[in-house]
Amino acid sequence: MAETLVKTAVLSYNYRKNVSPVVDVRMAEDDEGMHDMWQPGEQDMALLSAKLKIPAPRRGYIVRRELFDMLARGWIFGVTYIKGAAGMGKTTLVSSFLRENGVENAAWLSLDTDDDDPLTFWHRFAVAAAALPGARMESLMALFRSGGTPLQAEELAARVRVAVSDVEPCVVVLDDMHLLQDGAVLRSFERFLQDFPENLHLFLLSREDPAFYTGGLAVAGKLLFIDGEALRLSEEESVRFLRDTLGLEADDDRVAWLTGQADGWIGGLQLLAAADGMGAGSTRTGQVLTADYLTREIFATLTAEEQQFLMVTAILPYFDVALCTALLGEGSHAQTIERLIAKNLFLTCVNEDAGIYRYHSILWEYLKRRFEAIPQTEQMALHRRAATALCERGERVAALPHLIAAGEFARAGQLLGVMGDCAESWHYINRLPLDIVRADTNLAVQSIVYNLLIHPDIHRAKQSYSALKTSNEGHPFLRAWQQIGVYVGESVDFNHPPMPVLPEQIDAAGMNPVVQALAYAGSASLFLEREDYENSAKFADRAYEIGGGDNPFVDYYLLSSRAQLAEETGELNESLRFFEKMQEAVTRSPTVGLLKIFHAVGRTGVYLKRMEREPAAAALDEADRGLKQYPNFSYLMTFGYAYNRIEYDIIFDSVDAALPDLEKLLDRSSRDMRTILVCDRLILHPVVQNRLPEAWAERFLQECGALGGQVSLMSQLVGARLRWQRREHDAAIQTVEQVLSYSRAHQNRLMLVSAGLLRAGMLLQSGGETRIIQNLLREAIHYAWENRILLPFFVERFVLADVFAAFPIRELPESEQLFLRDVRALCAPAPLGGNVLSEREQEVLRELARGLTNPQIAEQLCISLATVKTHLLNMYGKLGVSTRVQAVEEARKRKLWS
């Protein structure tokens, strides 16, 4: 049963609930004393409002009819990509187009470097699109508030696409797309574009060519591309821009000179006009205007107060008078802003009513470089002030980069620790030193989750796991999380799993409710590993009482522990009911791609025990498709899938066909888990058919002997079979009787049936009494029929098929009679004579006789691999064989083809 830990430990992570304890985060700031940073409950809306506000075109903006007509025609394309250098007027063009055409159903998102993270980008995209008529964002936004659920970018992109599928005709503008460079963000955006709604039109504004694939859009006629040359102002437009928009009062010759110098570049016109208005002149031309020009011709002409204002406020994502006061102290900041606007210095009004501004990128990038030139101590002091001011306004996300820039890592960590409900803050954890992460168990686990599942960085995940272990060394609470190590590449000894954590130890750890719940669930798995079913059930129930119902990922994990308990004890109907409940959690989670894999793998194990071939094949194919989307998964994260795939191949193909893959799994298990006992159920099949290589048989018995009473029930039964084959009959019988006794006492139907049938086979082979054999068979049928535990009967078919056929069926209740008939049909060889194979089965058999492998047969006959395996199973059953070689020989014996 050790494989249950491997298949589910990945779910044992700390996903926080929406828990916001009151935290007093204070910081010393020179001699200014201490300031409260944040009180919980306030929302980070000002920053989002600044990013989502459609920039208001300047008064007197020029109407660019030719480009407007092009944009209007672009509605039929779906995506309009506008590429141009900084200051070419991309933002003004689109915002003025929307105003001139009265487009009301429009959403805008101004991007910055902090948006280059999958969680942050899609959260902010969803917030922007939520206001569109017909958008259905409620459930999606609830997921972002559900306690830091881990979000896979591509799956979330698909969810956003569905959420806007019924919008009325509308526009979404993404400004500064060139700032998105993260691979996960770009891949997810490509997926979003694959089939976005017809009523949704995207304007993508960028300085660079698309960093994502657009060929499909272009071929489908859904892409309009506008480049920088088209954005240049004509001479007439340049004059109107200087006169009407900037209000430049100069003679015609001067205006003509400025127009010629700028060469149609709007940013150049604005820079030249600003310098001209300050009495400066320049011989520079066009877009060669650089930082040197900004410094000598514009910045140097400002007053010292204005220079200080620009340089200090440039560290803010947006600013208003209150934020300026927090950074610069009391002063006439409103008047300073008005003067700078009058001087045409690239200030963009984000919200005129609230007086919120930000800088155009031309000036912002220049000012940030000037800020970086001041002494480091001054920079850090200003970042502290910015963080304090932003936190006092509830702008926690906006405050984080300032805390980190100020070197206030401990305070940043403390703030992140109470922001578990804010998924877009997660990527900041990677900017904290490991000693800060180590000091907070919540941060350490959150870092593992982010770097393992969301934005894969196995090295950082391993570092965080090591930090988690170091900071909690010796603490009982850590035992519930130790199996996480397998997913970051650490070797874990599955022969000696940790002791479960006791309730008083969990409750005394002082963690939040979700972490407590997951600790109870982790201990439930450890109790299951020890086959302590009563405590496993109690701990699983307690886990759901504490943390269930709010977070879909947490719900999935908690239900998963109950489903595994039911499966391991043979309550297969109950296990499938839990999987049905888990399906609801899967559909609620943006990690649906990930959870669907685990769900499919888990279901497969139940289907195999019930010998339900088609559902098992479908579940495995579903898992296989899902795993292709996660190429960075480690071997141990895919162990459950590999395990079930091999067992499926053994059952529905043959031991010989699956043996190479089984030996590879045994090699990896021996190295990475330090044991092959985790593969006991797989080893069972070749042992029954005398196909297990002797080296592995010897290794298995050695491990069983070394562990003594700590061996699982299934491992004990496999060991007993090996000893029986070695004629150690007394030891084998004693082991089987012990398993039978334990299973009866603890109501483990699966092990009771398996052990009972094995004992019956031993008695049959040694001349035991028919009455005892039939009683064992009757008991096995009684405990198997309701949950359709068919696999143990199939395993014993080579020894007990005749006993099944001869059993006095009328002595059984009707329900058990029906079950026994299914057992007989499953285990009985097909009758001789006549071609019992279908036409397609004969085709598969011919290819099999040619020596083709299953994948080759699938390709040759143009059918799926799962279909090939289905036909093979049917042939084996009809011909009464269990291997490919036997099938070919039996078909020849019956002369089923010429």
# chains A, B, ... in the order shown; residues from 1 in each chain; ligands from 1
>>> select_by_dssp(residues="region 92-194 of chain A", states="strand (DSSP E)", output="list in words")
Ala106, Ala107, Trp108, Leu109, Ser110, Cys170, Val171, Val172, Val173, Leu174 and Asp175 of chain A
>>> select_by_dssp(residues="region 382-544 of chain A", states="alpha helix (DSSP H)", output="NGL selection string")
:A and (382-392 or 396-405 or 409-417 or 434-438 or 441-449 or 458-471 or 503-507 or 513-529 or 533-544)
>>> residues_around(residues="region 755-758 of chain A", least_positions_apart="2", cutoff="9 Å", atoms="only C-alpha atoms", output="list in words")
Met714, Leu717, Arg721, Val736, Glu737, Val739, Leu740, Ser743, Leu750, Met751, Leu752, Val753, Ala760, Gly761, Met762, Leu763, Ile773, Leu776, Leu777, Glu779, Ala780, Pro792, Phe793, Glu796 and Leu800 of chain A
>>> write_last_selection(atoms="C-alpha atoms", output="tab-separated table (two decimals), in the first residue's frame")
chain	number	residue	atom	x	y	z
A	714	MET	CA	-0.59	-7.53	-0.04
A	717	LEU	CA	0.41	-12.53	0.31
A	721	ARG	CA	3.09	-17.27	-2.92
A	736	VAL	CA	-1.99	-16.50	4.57
A	737	GLU	CA	-3.91	-17.53	7.67
A	739	VAL	CA	-3.73	-12.16	6.70
A	740	LEU	CA	-7.12	-13.87	6.63
A	743	SER	CA	-8.78	-9.01	7.32
A	750	LEU	CA	-10.28	-6.89	-0.62
A	751	MET	CA	-7.63	-8.67	1.42
A	752	LEU	CA	-10.13	-11.17	2.80
A	753	VAL	CA	-11.15	-12.22	-0.71
A	760	ALA	CA	-8.23	-22.29	-1.38
A	761	GLY	CA	-5.74	-22.70	-4.19
A	762	MET	CA	-3.08	-23.97	-1.79
A	763	LEU	CA	-5.55	-26.50	-0.39
A	773	ILE	CA	-12.18	-25.13	-0.30
A	776	LEU	CA	-13.40	-20.40	1.45
A	777	LEU	CA	-14.85	-19.78	-2.01
A	779	GLU	CA	-16.79	-16.58	1.88
A	780	ALA	CA	-14.88	-14.88	-0.94
A	792	PRO	CA	-8.63	-11.68	-7.14
A	793	PHE	CA	-10.79	-14.29	-8.90
A	796	GLU	CA	-6.53	-17.30	-9.30
A	800	LEU	CA	-9.38	-22.39	-9.40
>>> atom_distance(atom1="CA of Val655 (chain A)", atom2="CA of Leu692 (chain A)")
9.2 Å
